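Notes follow the structure.
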Amino acid sequence: SCFEQRHHGQMSRMMSKRIEHWEITGVAGLRTQRLKAIPRDLVDVGDHLRVVDAADNFISVLPDLGTFIRLQKLILSNNRISVIGPDVGQLPELRVLLLGNNRIESISTLIGKLEKLEVLDLSHNKLKSLPQGLGKILTLTNLNVSNNQLHELPVRVGNCRDLAYLDATNNKLQAIPEEFCKCNLQTLLLDHNSISFLPSRLLKTCTNLQKLTVHNNPIQASDIEAMSGYIEFEKRRVGKYDKLIQGGGMLQKEGFEEGVDREVAGPS
């Protein structure tokens, strides 16, 4: 009918405008579109895109990512993705990858080919292990693996010397690899695990560490206070909160056991 032809024509023009917008701006905003897959049209213009935000959809499978050669930020939080396959390694310019609140059970070790990645969010998934390939991402500064089913963290992540923020809360961790002492950790969140001890050199060698939380673990505050480097760590921690208080960031100062800095957010 004439109505159907006009409607089809309008839809085609709208789609053409959207594709043109993606190409010009380099940004594709597809949040909350009830998508079950990444649109084919988006893949076709992938080489123009710097940012793709497809959070809050029903996407279960990633497309071929080979065309997204300039992509710097990929946001796929709150979807239904269960597997991150080898294709993830085809994003040479990617700096931010947000995959929180999915159903991810496995990740290809080829994620280690993301040589410029700085921020990786894998929180609220179903991961029981992480690939050793993460240790090849030497640019990684922020890693969130909270709320999974991890029993251990890859030893090779210790190679990520610039890693400053690590959130591993709500897992099944029993220990933190000694190799993590080589990282430039500033924030280490380990609440709700099964950790009974920390690497002996952690406080001594991580001289920028200011925030450490270990609530609901077998380890005791007294165990941490007995560690080499604790006095220096405590000075940094208290100094950080003194600055927060002076700046109005906190109403009161509490002790180590209270985890005073739970309000201080990590990277978004």
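Here's how to read the names in the structure tokens: chain A, B, ... by the order shown, residue numbers from 1 in each chain, ligand numbers from 1 in the order shown.
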Write out, as a Markdown table, each residue of segment 35-129 of chain A that has an atom at most 7 Å from segment 23-28 of chain A, together with the closest pair of atoms and their distance in Å to one decimal, counting only C-alpha atoms, rows going by chain and rising number.
| residue | atom | partner | partner_atom | distance |
| --- | --- | --- | --- | --- |
| A:Val45 | CA | A:Glu23 | CA | 6.7 |
| A:His48 | CA | A:Glu23 | CA | 5.5 |
| A:Leu49 | CA | A:Gly26 | CA | 4.1 |
| A:Arg50 | CA | A:Gly26 | CA | 5.1 |
| A:Val51 | CA | A:Val27 | CA | 4.8 |
| A:Val52 | CA | A:Ala28 | CA | 4.9 |
| A:Asp53 | CA | A:Ala28 | CA | 6.3 |
Applying 6 Å and only C-alpha atoms, which residues near segment 160-166 of chain A remain after dropping the ones on its own chain fewer than 5 positions away? List them as a compact mmCIF listing (two decimals) with all heavy atoms, in the first residue's frame.
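The resulting around27.txt:
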# COMPACT_ATOMS: atom_id res chain seq x y z
N GLY A 135 47.81 -10.20 31.43
CA GLY A 135 49.14 -9.74 31.83
C GLY A 135 49.93 -9.11 30.70
O GLY A 135 50.99 -8.52 30.94
N LEU A 138 49.97 -4.05 29.11
CA LEU A 138 50.86 -3.27 29.98
C LEU A 138 50.37 -1.86 30.23
O LEU A 138 50.88 -1.17 31.12
CB LEU A 138 52.27 -3.24 29.36
CG LEU A 138 52.89 -4.62 29.08
CD1 LEU A 138 54.31 -4.46 28.55
CD2 LEU A 138 52.86 -5.51 30.31
N LEU A 140 47.24 -1.24 31.16
CA LEU A 140 46.06 -1.34 32.03
C LEU A 140 46.28 -0.58 33.34
O LEU A 140 47.25 -0.80 34.05
CB LEU A 140 45.77 -2.81 32.31
CG LEU A 140 44.40 -3.16 32.90
CD1 LEU A 140 43.28 -2.79 31.91
CD2 LEU A 140 44.33 -4.63 33.26
N THR A 141 45.33 0.32 33.65
CA THR A 141 45.41 1.09 34.90
C THR A 141 44.26 0.77 35.84
O THR A 141 44.41 0.91 37.05
CB THR A 141 45.42 2.61 34.62
OG1 THR A 141 44.21 2.97 33.97
CG2 THR A 141 46.61 3.01 33.77
N ASN A 142 43.11 0.39 35.29
CA ASN A 142 41.92 0.16 36.11
C ASN A 142 41.27 -1.17 35.72
O ASN A 142 40.88 -1.37 34.56
CB ASN A 142 40.90 1.28 35.89
CG ASN A 142 41.46 2.63 36.28
OD1 ASN A 142 41.42 3.03 37.43
ND2 ASN A 142 41.99 3.36 35.30
N LEU A 143 41.13 -2.06 36.72
CA LEU A 143 40.55 -3.38 36.48
C LEU A 143 39.50 -3.67 37.53
O LEU A 143 39.79 -3.67 38.74
CB LEU A 143 41.65 -4.45 36.52
CG LEU A 143 41.20 -5.91 36.38
CD1 LEU A 143 40.50 -6.13 35.04
CD2 LEU A 143 42.39 -6.85 36.53
N ASN A 144 38.26 -3.92 37.08
CA ASN A 144 37.17 -4.26 37.99
C ASN A 144 36.67 -5.65 37.65
O ASN A 144 36.09 -5.88 36.58
CB ASN A 144 36.03 -3.23 37.86
CG ASN A 144 34.96 -3.42 38.93
OD1 ASN A 144 34.88 -4.46 39.58
ND2 ASN A 144 34.14 -2.42 39.12
N CYS A 183 52.93 -3.99 40.75
CA CYS A 183 51.99 -3.01 40.19
C CYS A 183 52.05 -1.70 40.97
O CYS A 183 52.42 -1.68 42.14
CB CYS A 183 50.57 -3.56 40.22
SG CYS A 183 50.33 -5.10 39.30
N ASN A 184 51.63 -0.65 40.31
CA ASN A 184 51.59 0.68 40.94
C ASN A 184 50.24 0.90 41.62
O ASN A 184 49.55 1.89 41.38
CB ASN A 184 51.86 1.76 39.89
CG ASN A 184 51.94 3.14 40.50
OD1 ASN A 184 52.41 3.32 41.62
ND2 ASN A 184 51.46 4.14 39.77
N LEU A 185 49.85 -0.03 42.47
CA LEU A 185 48.51 0.01 43.07
C LEU A 185 48.31 1.22 43.98
O LEU A 185 49.16 1.53 44.82
CB LEU A 185 48.26 -1.27 43.88
CG LEU A 185 48.01 -2.54 43.06
CD1 LEU A 185 48.05 -3.77 43.95
CD2 LEU A 185 46.67 -2.45 42.33
N GLN A 186 47.18 1.87 43.80
CA GLN A 186 46.75 2.96 44.68
C GLN A 186 45.49 2.57 45.46
O GLN A 186 45.30 2.98 46.60
CB GLN A 186 46.49 4.23 43.86
CG GLN A 186 47.73 4.75 43.15
CD GLN A 186 47.40 5.92 42.23
OE1 GLN A 186 46.40 6.61 42.41
NE2 GLN A 186 48.23 6.14 41.23
N THR A 187 44.64 1.75 44.82
CA THR A 187 43.40 1.29 45.43
C THR A 187 43.27 -0.21 45.22
O THR A 187 43.36 -0.68 44.08
CB THR A 187 42.17 2.00 44.81
OG1 THR A 187 42.28 3.40 45.04
CG2 THR A 187 40.88 1.47 45.40
N LEU A 188 43.07 -0.95 46.31
CA LEU A 188 42.93 -2.40 46.25
C LEU A 188 41.74 -2.80 47.11
O LEU A 188 41.76 -2.68 48.34
CB LEU A 188 44.21 -3.07 46.75
CG LEU A 188 44.24 -4.61 46.76
CD1 LEU A 188 43.97 -5.17 45.36
CD2 LEU A 188 45.59 -5.10 47.29
I'd like to know which residues of segment 19-234 of chain A are alpha helix (DSSP H) (by DSSP, run on the backbone); could you write them as a list in words?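 Filtering segment 19-234 of chain A down to alpha helix (DSSP H) leaves Ile19, Glu20, His21, Trp22, Glu23, Ile24, Thr25, Arg40, Asp41, Leu42, Val43, Asp44, Leu202, Leu203, Lys204, Thr205, Ala221, Ser222, Asp223, Ile224, Glu225, Tyr230, Ile231, Glu232, Phe233 and Glu234 of chain A.
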Could those selected residues go to a file with N, CA and C atoms, as a compact mmCIF listing (two decimals), in the first residue's frame?
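Written file, part.txt:
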# COMPACT_ATOMS: atom_id res chain seq x y z
N ILE A 19 23.22 6.63 10.15
CA ILE A 19 24.53 6.16 9.69
C ILE A 19 25.45 7.34 9.39
N GLU A 20 24.88 8.36 8.74
CA GLU A 20 25.67 9.56 8.43
C GLU A 20 26.16 10.22 9.72
N HIS A 21 25.31 10.26 10.74
CA HIS A 21 25.69 10.84 12.03
C HIS A 21 26.84 10.05 12.65
N TRP A 22 26.74 8.73 12.59
CA TRP A 22 27.82 7.89 13.13
C TRP A 22 29.14 8.19 12.43
N GLU A 23 29.07 8.29 11.10
CA GLU A 23 30.29 8.51 10.32
C GLU A 23 30.92 9.87 10.62
N ILE A 24 30.08 10.89 10.76
CA ILE A 24 30.59 12.25 10.98
C ILE A 24 31.15 12.42 12.39
N THR A 25 30.41 11.96 13.38
CA THR A 25 30.81 12.18 14.78
C THR A 25 31.78 11.13 15.30
N ARG A 40 23.90 -4.44 11.75
CA ARG A 40 24.82 -4.66 10.64
C ARG A 40 25.34 -3.33 10.08
N ASP A 41 24.44 -2.33 10.06
CA ASP A 41 24.85 -1.01 9.54
C ASP A 41 25.98 -0.42 10.36
N LEU A 42 25.99 -0.70 11.66
CA LEU A 42 27.05 -0.19 12.53
C LEU A 42 28.38 -0.85 12.19
N VAL A 43 28.33 -2.14 11.97
CA VAL A 43 29.55 -2.89 11.60
C VAL A 43 30.11 -2.36 10.29
N ASP A 44 29.21 -2.02 9.37
CA ASP A 44 29.65 -1.55 8.04
C ASP A 44 30.42 -0.23 8.10
N LEU A 202 53.53 -6.38 50.07
CA LEU A 202 52.54 -5.50 49.44
C LEU A 202 52.64 -4.06 49.92
N LEU A 203 52.60 -3.84 51.23
CA LEU A 203 52.61 -2.48 51.77
C LEU A 203 53.98 -1.83 51.64
N LYS A 204 55.01 -2.65 51.62
CA LYS A 204 56.39 -2.15 51.53
C LYS A 204 56.72 -1.67 50.13
N THR A 205 56.28 -2.44 49.12
CA THR A 205 56.69 -2.14 47.75
C THR A 205 55.67 -1.29 46.99
N ALA A 221 42.57 -7.26 60.92
CA ALA A 221 43.25 -5.97 60.88
C ALA A 221 44.62 -6.06 61.53
N SER A 222 44.73 -6.87 62.59
CA SER A 222 46.02 -7.02 63.28
C SER A 222 47.06 -7.67 62.38
N ASP A 223 46.63 -8.56 61.47
CA ASP A 223 47.56 -9.19 60.52
C ASP A 223 48.15 -8.13 59.59
N ILE A 224 47.32 -7.20 59.17
CA ILE A 224 47.78 -6.15 58.26
C ILE A 224 48.68 -5.17 59.00
N GLU A 225 48.32 -4.84 60.22
CA GLU A 225 49.12 -3.91 61.02
C GLU A 225 50.51 -4.46 61.31
N TYR A 230 53.54 -1.14 57.00
CA TYR A 230 52.21 -0.71 57.43
C TYR A 230 52.20 0.74 57.92
N ILE A 231 53.21 1.15 58.66
CA ILE A 231 53.22 2.51 59.23
C ILE A 231 53.22 3.55 58.10
N GLU A 232 54.02 3.30 57.07
CA GLU A 232 54.07 4.22 55.94
C GLU A 232 52.73 4.23 55.20
N PHE A 233 52.14 3.04 55.03
CA PHE A 233 50.83 2.94 54.39
C PHE A 233 49.78 3.74 55.17
N GLU A 234 49.81 3.60 56.50
CA GLU A 234 48.83 4.28 57.34
C GLU A 234 48.97 5.81 57.23
Could you give me, as a PyMOL selection string, each residue of segment 81-179 of chain A that DSSP assigns to strand (DSSP E or B) when run on this structure's backbone? chain A and resi 83-84+96-98+106-107+119-121+142-144+165-167
